[in-house]
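What follows is target-v5.csv (CSV, C-alpha atoms).
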chain,number,residue,atom,x,y,z
A,3,MET,CA,87.4,68.6,6.7
A,4,ARG,CA,87.8,72.4,6.6
A,5,SER,CA,87.2,74.4,9.8
A,6,ARG,CA,84.7,77.3,9.5
A,7,THR,CA,86.1,80.8,9.7
A,8,ILE,CA,84.5,83.0,12.4
A,9,GLY,CA,86.3,86.3,11.9
A,10,GLU,CA,89.5,88.2,11.9
A,11,LEU,CA,91.0,91.2,13.6
A,12,LEU,CA,93.4,93.0,11.3
A,13,ALA,CA,96.2,95.2,12.6
A,14,PRO,CA,96.2,98.7,11.0
A,15,ALA,CA,99.1,99.1,8.6
A,16,ALA,CA,101.1,102.3,8.5
A,17,PRO,CA,102.5,103.4,5.1
A,18,PHE,CA,106.2,102.9,6.2
A,19,ASP,CA,105.6,100.3,8.9
A,20,LYS,CA,108.6,98.0,9.5
A,21,LYS,CA,108.0,94.3,8.8
A,22,CYS,CA,110.2,93.4,11.9
A,23,GLY,CA,108.4,94.1,15.2
A,24,ARG,CA,104.9,93.6,14.0
A,25,GLU,CA,104.7,90.0,15.0
A,26,ASN,CA,101.8,88.8,17.1
A,27,TRP,CA,103.7,86.4,19.4
A,28,THR,CA,100.8,85.8,21.8
A,29,VAL,CA,97.0,85.8,22.1
A,30,ALA,CA,95.0,85.2,25.3
A,31,PHE,CA,91.4,84.9,26.6
A,32,ALA,CA,90.4,86.1,30.1
A,33,PRO,CA,89.5,83.2,32.4
A,34,ASP,CA,85.9,84.4,32.7
A,35,GLY,CA,85.6,84.9,28.9
A,36,SER,CA,85.1,88.7,29.2
A,37,TYR,CA,88.2,89.9,27.3
A,38,PHE,CA,90.4,88.9,24.4
A,39,ALA,CA,94.0,90.3,24.2
A,40,TRP,CA,96.7,90.1,21.6
A,41,SER,CA,100.1,91.8,20.9
A,42,GLN,CA,99.3,93.9,17.9
A,43,GLY,CA,103.0,94.5,17.0
A,44,HIS,CA,105.7,96.8,18.1
A,45,ARG,CA,104.8,98.0,21.6
A,46,THR,CA,101.0,97.7,21.4
A,47,VAL,CA,98.6,95.3,23.2
A,48,LYS,CA,94.9,95.4,22.2
A,49,LEU,CA,92.2,94.5,24.7
A,50,VAL,CA,88.6,93.9,23.4
A,51,PRO,CA,85.4,92.7,25.1
A,52,TRP,CA,85.1,89.2,23.7
A,53,SER,CA,81.2,89.1,23.6
A,54,GLN,CA,81.0,92.3,21.6
A,55,CYS,CA,83.8,91.1,19.3
A,56,LEU,CA,81.7,88.0,18.4
A,57,LYS,CA,78.6,90.2,17.9
A,58,ASN,CA,80.6,92.4,15.4
A,59,PHE,CA,81.6,89.3,13.5
A,60,LEU,CA,78.0,88.3,13.1
A,61,LEU,CA,76.7,91.7,12.2
A,62,HIS,CA,79.5,92.9,9.9
A,63,GLY,CA,81.0,89.8,8.5
A,64,THR,CA,84.3,88.3,9.4
A,65,LYS,CA,86.6,91.3,9.2
A,66,ASN,CA,87.1,93.8,12.0
A,67,VAL,CA,89.8,96.4,11.8
A,68,THR,CA,91.2,97.0,15.2
A,69,ASN,CA,91.3,100.8,15.2
A,70,SER,CA,87.5,101.0,15.3
A,71,SER,CA,85.6,102.9,17.9
A,72,SER,CA,85.4,101.6,21.5
A,73,LEU,CA,83.2,98.6,22.2
A,74,ARG,CA,81.1,98.4,25.4
A,75,LEU,CA,79.0,95.9,27.2
A,76,SER,CA,77.9,95.4,30.8
A,77,ARG,CA,80.2,94.0,33.5
A,78,GLN,CA,78.8,92.6,36.7
A,79,ASN,CA,80.4,93.3,40.1
A,80,SER,CA,80.5,90.7,43.0
A,81,ASP,CA,77.1,91.9,44.2
A,82,GLY,CA,75.4,91.2,40.9
A,83,GLY,CA,74.7,94.8,39.9
A,84,GLN,CA,76.2,96.8,37.0
A,85,LYS,CA,79.4,98.3,38.3
A,86,ASN,CA,81.0,99.4,35.2
A,87,LYS,CA,81.2,99.0,31.4
A,88,LEU,CA,83.7,96.9,29.7
A,89,ARG,CA,85.8,99.0,27.3
A,90,GLU,CA,88.3,98.4,24.6
A,91,HIS,CA,91.8,99.4,25.5
A,92,VAL,CA,95.0,100.0,23.5
A,93,ILE,CA,98.0,99.7,25.8
A,94,ASP,CA,101.4,101.0,24.9
A,95,CYS,CA,103.8,98.8,26.8
A,96,GLY,CA,107.0,100.7,25.9
A,97,ASP,CA,108.8,97.8,24.2
A,98,ILE,CA,108.1,94.8,21.9
A,99,VAL,CA,105.6,92.5,23.6
A,100,TRP,CA,106.4,88.8,23.5
A,101,SER,CA,104.0,87.3,26.0
A,102,LEU,CA,100.5,87.9,27.6
A,103,ALA,CA,98.6,86.3,30.4
A,104,PHE,CA,95.4,87.0,32.2
A,105,GLY,CA,95.1,86.5,36.0
A,106,SER,CA,92.1,86.8,38.3
A,107,SER,CA,92.0,86.9,42.1
A,108,ILE,CA,90.3,84.8,44.7
A,109,PRO,CA,90.3,86.7,48.0
A,110,GLU,CA,90.5,83.4,50.0
A,111,LYS,CA,93.9,82.6,48.4
A,112,GLN,CA,96.3,84.5,50.6
A,113,SER,CA,99.8,85.5,49.8
A,114,ARG,CA,102.7,83.4,51.2
A,115,CYS,CA,104.1,86.7,52.6
A,116,VAL,CA,103.5,87.1,56.4
A,117,ASN,CA,103.3,90.9,56.5
A,118,ILE,CA,100.1,91.2,54.4
A,119,GLU,CA,99.1,94.4,56.2
A,120,TRP,CA,101.9,96.2,54.3
A,121,HIS,CA,100.6,95.4,50.9
A,122,ARG,CA,100.0,98.3,48.5
A,123,PHE,CA,97.4,96.5,46.5
A,124,LYS,CA,94.3,94.7,47.8
A,125,PHE,CA,93.1,92.5,44.9
A,126,GLY,CA,89.4,91.9,45.2
A,127,GLN,CA,87.1,89.3,43.7
A,128,ASP,CA,86.3,91.6,40.8
A,129,GLN,CA,89.9,92.1,39.8
A,130,LEU,CA,91.2,91.0,36.4
A,131,LEU,CA,94.9,91.6,35.6
A,132,LEU,CA,96.9,91.4,32.4
A,133,ALA,CA,100.6,90.6,32.5
A,134,THR,CA,102.8,91.6,29.5
A,135,GLY,CA,106.3,90.3,29.0
A,136,LEU,CA,108.6,92.6,27.1
A,137,ASN,CA,111.7,92.5,24.9
A,138,ASN,CA,113.8,94.3,27.6
A,139,GLY,CA,113.1,91.7,30.2
A,140,ARG,CA,110.5,93.7,32.1
A,141,ILE,CA,107.0,92.4,33.0
A,142,LYS,CA,104.2,95.0,33.3
A,143,ILE,CA,100.9,94.3,35.2
A,144,TRP,CA,97.8,96.1,34.1
A,145,ASP,CA,94.3,96.5,35.4
A,146,VAL,CA,92.2,95.1,32.5
A,147,TYR,CA,89.1,97.2,33.2
A,148,THR,CA,90.9,100.5,33.4
A,149,GLY,CA,94.0,100.0,31.3
A,150,LYS,CA,96.0,101.4,34.3
A,151,LEU,CA,99.6,100.2,34.9
A,152,LEU,CA,99.8,98.6,38.4
A,153,LEU,CA,103.2,96.9,38.7
A,154,ASN,CA,106.5,96.9,36.9
A,155,LEU,CA,108.5,93.7,37.6
A,156,VAL,CA,112.2,93.9,36.9
A,157,ASP,CA,114.6,91.0,37.2
A,158,HIS,CA,115.0,89.2,33.8
A,159,ASN,CA,117.9,90.4,31.6
A,160,GLU,CA,116.6,88.9,28.4
A,161,VAL,CA,113.3,88.6,26.5
A,162,VAL,CA,110.3,87.4,28.6
A,163,ARG,CA,109.1,84.8,26.2
A,164,ASP,CA,106.1,83.5,28.1
A,165,LEU,CA,103.9,84.1,31.1
A,166,THR,CA,101.4,82.0,33.0
A,167,PHE,CA,99.2,82.6,36.1
A,168,ALA,CA,98.3,79.8,38.5
A,169,PRO,CA,94.7,78.9,37.8
A,170,ASP,CA,93.8,78.7,41.5
A,171,GLY,CA,93.3,82.5,41.9
A,172,SER,CA,96.5,83.0,44.0
A,173,LEU,CA,97.9,85.5,41.5
A,174,ILE,CA,101.2,83.5,41.4
A,175,LEU,CA,102.8,84.4,38.1
A,176,VAL,CA,105.6,82.5,36.4
A,177,SER,CA,107.7,84.0,33.6
A,178,ALA,CA,109.9,82.2,31.1
A,179,SER,CA,112.9,84.0,29.6
A,180,ARG,CA,115.7,83.8,27.1
A,181,ASP,CA,118.0,84.3,30.1
A,182,LYS,CA,117.5,80.5,30.7
A,183,THR,CA,115.5,80.9,33.9
A,184,LEU,CA,111.9,80.9,35.1
A,185,ARG,CA,110.9,83.3,37.8
A,186,VAL,CA,108.0,83.0,40.2
A,187,TRP,CA,106.2,86.2,41.3
A,188,ASP,CA,103.6,86.8,44.0
A,189,LEU,CA,101.3,89.6,42.9
A,190,LYS,CA,99.4,89.6,46.2
A,191,ASP,CA,102.7,90.4,47.8
A,192,ASP,CA,103.1,93.5,45.6
A,193,GLY,CA,104.8,91.5,42.8
A,194,ASN,CA,107.8,90.3,44.9
A,195,MET,CA,109.8,87.5,43.3
A,196,VAL,CA,109.4,84.3,45.2
A,197,LYS,CA,111.8,81.9,43.4
A,198,VAL,CA,114.2,81.5,40.5
A,199,LEU,CA,113.8,78.1,38.8
A,200,ARG,CA,117.0,77.0,37.1
A,201,GLY,CA,117.8,73.9,35.0
A,202,HIS,CA,117.4,75.0,31.4
A,203,GLN,CA,120.7,75.3,29.6
A,204,ASN,CA,119.3,77.5,26.8
A,205,TRP,CA,116.3,79.7,26.0
A,206,VAL,CA,113.0,79.0,27.8
A,207,TYR,CA,110.2,79.3,25.3
A,208,SER,CA,107.0,78.5,27.1
A,209,CYS,CA,105.5,77.5,30.5
A,210,ALA,CA,102.1,76.2,31.6
A,211,PHE,CA,100.4,75.4,34.9
A,212,SER,CA,98.5,72.2,35.5
A,213,PRO,CA,94.8,72.9,36.3
A,214,ASP,CA,95.2,72.4,40.0
A,215,SER,CA,98.3,74.6,40.1
A,216,SER,CA,100.4,72.0,41.7
A,217,MET,CA,102.6,71.3,38.7
A,218,MET,CA,104.2,73.4,36.0
A,219,CYS,CA,105.8,72.5,32.7
A,220,SER,CA,108.5,74.5,31.0
A,221,VAL,CA,110.0,73.9,27.6
A,222,GLY,CA,112.9,75.4,25.7
A,223,ALA,CA,115.7,75.0,23.2
A,224,SER,CA,117.9,71.9,23.1
A,225,LYS,CA,114.9,69.6,23.3
A,226,ALA,CA,114.2,70.6,26.9
A,227,ILE,CA,111.0,69.7,28.8
A,228,PHE,CA,110.9,70.1,32.6
A,229,LEU,CA,108.2,69.4,35.1
A,230,TRP,CA,108.2,71.3,38.4
A,231,ASN,CA,106.5,70.8,41.8
A,232,MET,CA,105.1,74.3,42.4
A,233,ASP,CA,104.5,73.7,46.1
A,234,LYS,CA,108.2,73.0,46.8
A,235,TYR,CA,109.6,74.8,43.7
A,236,THR,CA,111.6,71.7,42.8
A,237,MET,CA,112.1,69.8,39.6
A,238,ILE,CA,110.1,66.6,39.3
A,239,ARG,CA,111.5,65.1,36.1
A,240,LYS,CA,112.8,65.9,32.6
A,241,LEU,CA,110.9,64.5,29.6
A,242,GLU,CA,112.9,63.2,26.6
A,243,GLY,CA,111.7,62.4,23.1
A,244,HIS,CA,111.8,65.4,20.8
A,245,HIS,CA,114.6,66.0,18.3
A,246,HIS,CA,114.6,69.8,18.2
A,247,ASP,CA,113.7,72.8,20.3
A,248,VAL,CA,110.4,72.5,22.2
A,249,VAL,CA,108.5,75.8,21.9
A,250,ALA,CA,105.0,75.3,23.4
A,251,CYS,CA,103.2,73.2,26.0
A,252,ASP,CA,99.7,72.9,27.5
A,253,PHE,CA,97.9,70.7,30.0
A,254,SER,CA,94.5,69.0,29.5
A,255,PRO,CA,91.7,70.4,31.6
A,256,ASP,CA,91.9,67.4,33.9
A,257,GLY,CA,95.6,67.6,34.3
A,258,ALA,CA,96.1,64.0,33.1
A,259,LEU,CA,97.7,64.9,29.8
A,260,LEU,CA,100.4,67.3,28.6
A,261,ALA,CA,100.9,68.4,25.0
A,262,THR,CA,104.2,69.7,23.7
A,263,ALA,CA,105.0,71.2,20.3
A,264,SER,CA,108.5,71.1,18.7
A,265,TYR,CA,110.4,72.3,15.7
A,266,ASP,CA,110.9,68.5,15.0
A,267,THR,CA,107.5,68.6,13.2
A,268,ARG,CA,105.7,66.7,16.0
A,269,VAL,CA,103.3,67.2,18.9
A,270,PHE,CA,103.6,64.8,21.7
A,271,VAL,CA,100.9,64.0,24.3
A,272,TRP,CA,102.5,62.8,27.5
A,273,ASP,CA,101.3,61.5,30.9
A,274,PRO,CA,103.0,64.1,33.1
A,275,HIS,CA,102.7,61.8,36.1
A,276,THR,CA,104.7,58.9,34.6
A,277,GLY,CA,106.7,60.7,31.9
A,278,GLY,CA,105.5,58.4,29.1
A,279,VAL,CA,104.4,59.4,25.6
A,280,LEU,CA,100.8,58.4,24.9
A,281,MET,CA,100.3,59.9,21.5
A,282,GLU,CA,102.3,61.5,18.6
A,283,PHE,CA,100.8,63.9,16.1
A,284,GLY,CA,103.1,64.3,13.0
A,285,HIS,CA,103.0,67.2,10.6
A,286,LEU,CA,105.3,65.7,8.0
A,287,PHE,CA,104.7,62.4,6.2
A,288,PRO,CA,106.5,60.1,6.1
A,289,PRO,CA,107.9,60.9,9.6
A,290,PRO,CA,111.3,62.6,9.2
A,291,THR,CA,114.6,61.0,10.4
A,292,PRO,CA,116.0,62.5,13.6
A,293,ILE,CA,118.7,64.3,11.7
A,294,PHE,CA,116.2,66.0,9.3
A,295,ALA,CA,113.7,66.7,12.1
A,296,GLY,CA,116.5,68.4,14.1
A,297,GLY,CA,117.1,70.9,11.2
A,298,ALA,CA,115.3,73.3,8.9
A,299,ASN,CA,112.5,71.0,7.9
A,300,ASP,CA,109.8,73.6,6.8
A,301,ARG,CA,107.3,72.0,9.2
A,302,TRP,CA,108.2,73.6,12.5
A,303,VAL,CA,105.3,73.4,14.9
A,304,ARG,CA,104.9,76.8,16.5
A,305,SER,CA,102.1,76.4,19.0
A,306,VAL,CA,99.8,73.9,20.6
A,307,SER,CA,96.7,74.3,22.7
A,308,PHE,CA,94.3,72.0,24.5
A,309,SER,CA,90.6,72.5,24.1
A,310,HIS,CA,88.4,72.9,27.2
A,311,ASP,CA,86.5,69.7,26.4
A,312,GLY,CA,89.8,67.8,26.9
A,313,LEU,CA,89.0,66.0,23.6
A,314,HIS,CA,90.7,68.2,21.0
A,315,ILE,CA,94.1,69.7,20.5
A,316,ALA,CA,95.0,72.5,18.1
A,317,SER,CA,98.4,72.9,16.5
A,318,LEU,CA,99.9,75.6,14.2
A,319,ALA,CA,102.8,74.9,11.9
A,320,ASP,CA,105.0,76.5,9.3
A,321,ASP,CA,103.3,74.6,6.5
A,322,LYS,CA,100.5,77.2,6.6
A,323,MET,CA,98.1,74.9,8.3
A,324,VAL,CA,96.1,74.9,11.5
A,325,ARG,CA,95.1,71.4,12.6
A,326,PHE,CA,92.5,70.2,15.0
A,327,TRP,CA,93.2,66.7,16.5
A,328,ARG,CA,91.2,64.3,18.6
A,329,ILE,CA,93.4,62.9,21.4
A,330,ASP,CA,92.3,59.3,20.3
A,331,GLU,CA,92.8,59.7,16.5
A,332,GLU,CA,96.0,59.7,14.5
A,333,TYR,CA,94.9,62.2,11.8
A,334,PRO,CA,93.4,65.7,12.1
A,335,VAL,CA,89.6,66.0,12.3
A,336,GLN,CA,89.7,69.5,10.8
A,337,ILE,CA,92.2,71.8,9.1
A,338,ALA,CA,92.4,75.5,8.2
A,339,SER,CA,94.7,77.6,6.1
A,340,LEU,CA,96.9,80.2,7.8
A,341,SER,CA,100.1,81.9,6.5
A,342,ASN,CA,102.8,83.0,8.9
A,343,GLY,CA,101.0,81.8,12.0
A,344,LEU,CA,102.9,82.1,15.4
A,345,CYS,CA,100.5,81.3,18.2
A,346,CYS,CA,97.0,80.0,19.0
A,347,ALA,CA,94.6,79.7,22.0
A,348,PHE,CA,91.1,78.4,22.6
A,349,SER,CA,88.4,80.6,23.9
A,350,THR,CA,87.3,80.1,27.5
A,351,ASP,CA,84.3,78.0,26.4
A,352,GLY,CA,86.3,76.1,23.8
A,353,SER,CA,84.1,77.1,20.9
A,354,VAL,CA,86.6,79.3,19.1
A,355,LEU,CA,90.3,79.1,18.3
A,356,ALA,CA,92.3,82.3,17.9
A,357,ALA,CA,95.6,82.4,16.0
A,358,GLY,CA,98.1,85.3,15.7
A,359,THR,CA,100.4,86.0,12.7
A,360,HIS,CA,103.6,87.7,11.7
A,361,ASP,CA,101.7,90.9,10.7
A,362,GLY,CA,100.0,91.5,14.0
A,363,SER,CA,96.6,90.2,13.0
A,364,VAL,CA,94.3,87.5,14.5
A,365,TYR,CA,92.1,84.9,12.8
A,366,PHE,CA,89.3,82.9,14.4
A,367,TRP,CA,87.8,79.5,13.6
A,368,ALA,CA,84.9,77.5,15.0
A,369,THR,CA,86.3,74.4,16.8
A,370,PRO,CA,85.1,70.8,16.3
A,371,ARG,CA,82.0,70.1,18.3
A,372,GLN,CA,81.5,66.5,19.2
A,373,VAL,CA,79.6,64.7,21.9
A,374,PRO,CA,82.2,63.2,24.2
A,375,SER,CA,82.0,59.5,25.0
A,376,LEU,CA,80.9,58.2,28.4
A,377,GLN,CA,84.5,56.9,28.8
A,378,HIS,CA,86.0,60.4,28.2
A,379,LEU,CA,83.6,62.0,30.7
A,380,CYS,CA,84.4,59.4,33.4
A,381,ARG,CA,88.1,59.7,32.8
A,382,MET,CA,88.0,63.5,33.1
A,383,SER,CA,85.9,63.3,36.3
A,384,ILE,CA,88.3,60.9,38.0
A,385,ARG,CA,91.5,62.4,36.7
A,386,ARG,CA,90.7,65.9,37.9
A,387,VAL,CA,91.3,64.6,41.5
A,388,LEU,CA,93.5,61.5,41.0
A,389,PRO,CA,96.9,61.3,39.3
A,390,THR,CA,97.9,58.2,37.3
A,391,GLN,CA,99.6,56.4,40.2
A,392,GLU,CA,96.5,56.8,42.4
A,393,VAL,CA,94.1,55.6,39.7
A,394,GLN,CA,96.2,52.4,39.2
A,395,LYS,CA,95.8,51.7,43.0
A,396,LEU,CA,92.0,51.9,43.0
A,397,PRO,CA,90.5,48.6,44.3
A,398,VAL,CA,88.4,48.0,41.1
A,399,PRO,CA,88.5,45.4,38.4
A,400,SER,CA,91.2,45.7,35.7
A,401,LYS,CA,88.7,46.4,33.0
A,402,VAL,CA,87.5,49.4,35.0
A,403,LEU,CA,91.0,50.6,35.5
A,404,GLU,CA,91.6,50.3,31.7
A,405,PHE,CA,88.3,52.3,31.2
A,406,LEU,CA,89.5,55.1,33.4
A,407,SER,CA,93.1,55.3,32.0
A,408,TYR,CA,94.5,57.1,29.0
A,409,TYR,CA,95.8,54.4,26.7
A,410,MET,CA,96.3,55.7,23.1

The structure given in the file should be rewritten as C-alpha cells.
Amino acid sequence: MRSRTIGELLAPAAPFDKKCGRENWTVAFAPDGSYFAWSQGHRTVKLVPWSQCLKNFLLHGTKNVTNSSSLRLSRQNSDGGQKNKLREHVIDCGDIVWSLAFGSSIPEKQSRCVNIEWHRFKFGQDQLLLATGLNNGRIKIWDVYTGKLLLNLVDHNEVVRDLTFAPDGSLILVSASRDKTLRVWDLKDDGNMVKVLRGHQNWVYSCAFSPDSSMMCSVGASKAIFLWNMDKYTMIRKLEGHHHDVVACDFSPDGALLATASYDTRVFVWDPHTGGVLMEFGHLFPPPTPIFAGGANDRWVRSVSFSHDGLHIASLADDKMVRFWRIDEEYPVQIASLSNGLCCAFSTDGSVLAAGTHDGSVYFWATPRQVPSLQHLCRMSIRRVLPTQEVQKLPVPSKVLEFLSYYM
C-alpha cells in the first residue's frame, strides 16, 4: 500500500551550487510540536513553525519553497497568555551541519553542578533550545524562539554525527562523533562537559535516550551497538547481530524495544533489557549472506524511527524506498518512493513522517493510522514503568505474563 504524500520543503538551488555539502543529514521536530528543523545544506539550518507549515501544505498544495516569507502563529507562555509570535528562522551555523536536536527545560530538574548560583543561563519552563553538531567538531546551542546563539561547546576533534537530549527536561545533551567518543554535556551548568563515554573502536554514527532517560544506545562502524547506564555513565552491554556498520537507533515510546538500522540491509528490534533480538525487518530478498551484507549491497538502511504509537517503525534505504512496518508483522504495511534519502523522523503526534535527502530538501508522508489492540495498550502501560526482568517476576498467571511481553 502506498503512503499518502503530505508535502515537501524544497531547498533553494543556486546556479553554481556544489553538489557536495547540500546533504540534509538530519531532521527534527520540537518535543511540543511547535517547530520543525532541518539542515538545508552547507552551513544552514531552517526552523519553521510546524502548524503553519501544515496549513501551507493544505492551502497551496504539497510544495513549499523554503525561501518564502516568514511564517507566524501564536505561542503561549507558562501563564497561558500570548507572549510572543513563533517565527521562521534561517540559522548560519558557520560550518556543515551534521546533526540537530531539540531540548526543552523543566525547572524542577536541577543541574548536577553544586554551584548553581554561578550559572550564566537560567533556563525557564518556556525555553526551547536547538543543538547543532558541525563538521569541525563544535556544537552550537541556539534559542529557537529568537534564533540567538547561546553556547558554543568545543571538545570533539571530528564531525559531530548525532545529538540527543535527555527527554526528562534536565537539558543533558549527548553528542556522538567520528572521534570515536560520546560526550555528555549539562546545559543547565552552562554547557560544561560531564563525561566522556569511550568504548567504540571506530566512528560513532548515532545515539538515542530511552524515554525515562536512564539508558542510552549508541551505534557505530564495525557493527557496534552499546547500551549505557546514564545514571552512572557506565556501559551496560554490547549487542551483537548485525554484519555491517550500524548507523541509526531509536527506542520505542515505552522503552521496551530498541530499533537499529544497518548497512547490512536489516533493521533489528531488540529487547534492550535482555539483549535479545525480537524482530528482523529485511530490505533485500532473499536475505543476503553475511559476506554480501557486509559489503556494497545497494540496500544500505540509512535511518530508522519509532512512531509515537509504539506500533509502527519507519525505515529509509538506498533502494529509493521508505517503508512503514508494524512491530508484529514481517512485511511493510505501507511504502513510499524517495530518491537519495538520508534521514527520517516522526512528528511529535506521530501523524507525519519527515525524510531528508542529498539535495537538502524534506518530504512528508501521512503515517499508517491503526487502532492499537488491547494487548498493545496494556503492554505499553506496563512497560513504561517496568523493565523485562520486573515484568517476568510479577505474581500473575503465565498467560498474563505472555500477554504483557513482547514476543515476536

Among the residues A:Cys55, A:Met195, A:Ile337, A:Ala258, the one that comes closest to Ile384 of chain A [using all atoms listed in the file]: A:Ala258

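Distance check against Asp320 of chain A using all atoms listed in the file: of A:Pro334, A:Thr291, A:Tyr265, A:Val279, the minimum falls on A:Tyr265.
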
Just the residues within 7 Å of Gly43 of chain A, please, counting only C-alpha atoms, with nothing from its chain fewer than 5 positions along; format it as a short mmCIF file (atom, residue, chain, number, x, y, z; two decimals) with C-alpha atoms, keeping the file's coordinate frame.
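part29.cif, freshly written:
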data_model
loop_
_atom_site.label_atom_id
_atom_site.label_comp_id
_atom_site.auth_asym_id
_atom_site.auth_seq_id
_atom_site.Cartn_x
_atom_site.Cartn_y
_atom_site.Cartn_z
CA GLY A 23 108.40 94.10 15.20
CA ARG A 24 104.90 93.60 14.00
CA GLU A 25 104.70 90.00 15.00
CA ASN A 26 101.80 88.80 17.10
CA GLY A 362 100.00 91.50 14.00
#

I'd like the contact shell of Val221 of chain A - 8 Å cut-off, only C-alpha atoms, skipping same-chain residues fewer than 5 positions apart - returned as a VMD selection string. chain A and resid 206 to 209 226 to 228 248 to 251

Nearest candidate to Tyr408 of chain A (options A:Ser212, A:Asn159, A:Thr262, A:Thr276; using all atoms listed in the file):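 With all atoms listed in the file as the atom set, the closest residue is A:Thr276.
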
The residues within 12 Å of (85.0, 75.2, 9.4), using all atoms listed in the file and the coordinates of the file, should be reported as a PyMOL selection string; which are they? chain A and resi 3-9+324-326+335-339+353-355+366-371

Mind checking which residues fall within 9 Å of His91 of chain A, counting only C-alpha atoms, ignoring those fewer than 3 positions away in the same chain, and posting them as JSON, numbers by chain? {"A": [47, 48, 49, 50, 72, 146, 147, 148, 149]}

Residues from the last selection, C-alpha atoms, saved as a short mmCIF file (atom, residue, chain, number, x, y, z; two decimals), keeping the file's coordinate frame:
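Writing done, so here's result_0.cif:
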data_model
loop_
_atom_site.label_atom_id
_atom_site.label_comp_id
_atom_site.auth_asym_id
_atom_site.auth_seq_id
_atom_site.Cartn_x
_atom_site.Cartn_y
_atom_site.Cartn_z
CA VAL A 47 98.60 95.30 23.20
CA LYS A 48 94.90 95.40 22.20
CA LEU A 49 92.20 94.50 24.70
CA VAL A 50 88.60 93.90 23.40
CA SER A 72 85.40 101.60 21.50
CA VAL A 146 92.20 95.10 32.50
CA TYR A 147 89.10 97.20 33.20
CA THR A 148 90.90 100.50 33.40
CA GLY A 149 94.00 100.00 31.30
#

Counting only C-alpha atoms, which residues come within 9 Å of (99.1, 86.3, 42.2), with the point read in the file's coordinates, and could you list them as a short mmCIF file (atom, residue, chain, number, x, y, z; two decimals) with C-alpha atoms, in the frame of the given file?
data_model
loop_
_atom_site.label_atom_id
_atom_site.label_comp_id
_atom_site.auth_asym_id
_atom_site.auth_seq_id
_atom_site.Cartn_x
_atom_site.Cartn_y
_atom_site.Cartn_z
CA GLY A 105 95.10 86.50 36.00
CA SER A 106 92.10 86.80 38.30
CA SER A 107 92.00 86.90 42.10
CA LYS A 111 93.90 82.60 48.40
CA SER A 113 99.80 85.50 49.80
CA PHE A 167 99.20 82.60 36.10
CA ALA A 168 98.30 79.80 38.50
CA GLY A 171 93.30 82.50 41.90
CA SER A 172 96.50 83.00 44.00
CA LEU A 173 97.90 85.50 41.50
CA ILE A 174 101.20 83.50 41.40
CA LEU A 175 102.80 84.40 38.10
CA TRP A 187 106.20 86.20 41.30
CA ASP A 188 103.60 86.80 44.00
CA LEU A 189 101.30 89.60 42.90
CA LYS A 190 99.40 89.60 46.20
CA ASP A 191 102.70 90.40 47.80
CA ASP A 192 103.10 93.50 45.60
CA GLY A 193 104.80 91.50 42.80
#

Counting all atoms listed in the file, what is within 6 Å of Gly139 of chain A, bar same-chain residues fewer than 4 positions away, as JSON, numbers by chain? {"A": [158, 159, 160, 161, 162]}

For a quick check of understanding, using all atoms listed in the file, which of A:Ser305, A:Ser216, A:Thr267, A:Thr134 has the smallest distance to Pro288 of chain A? A:Thr267

Would you compute the distance between atom CA of Thr350 of chain A and atom CA of Ala178 of chain A? Give it in Å to one decimal.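 Result for atom CA of Thr350 of chain A versus atom CA of Ala178 of chain A: 23.0 Å, one decimal.
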
Polymer residues at most 12 Å from Gly297 of chain A, all atoms listed in the file, same-chain spacing of 4 or more positions, as a list in words: Ser224, His245, His246, Asp247, Ser264, Tyr265, Asp266, Thr267, Pro290, Thr291, Pro292, Ile293, Arg301 and Trp302 of chain A

With distances taken over all atoms listed in the file, which residue among A:Thr46, A:Gln129, A:Ile141, A:Leu313 lies nearest Ala32 of chain A? A:Gln129

Pick the closest to Pro51 of chain A from A:Asp128, A:Glu90, A:Asp164, A:Glu332: which is it, counting only C-alpha atoms? A:Glu90

Pairwise distance, atom CA of Gln203 of chain A with atom CA of Leu318 of chain A, equals 25.9 Å

For atom CA of Asp145 of chain A and atom CA of Phe104 of chain A, the interatomic separation in Å (one decimal):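 Separation of atom CA of Asp145 of chain A and atom CA of Phe104 of chain A: 10.1 Å.
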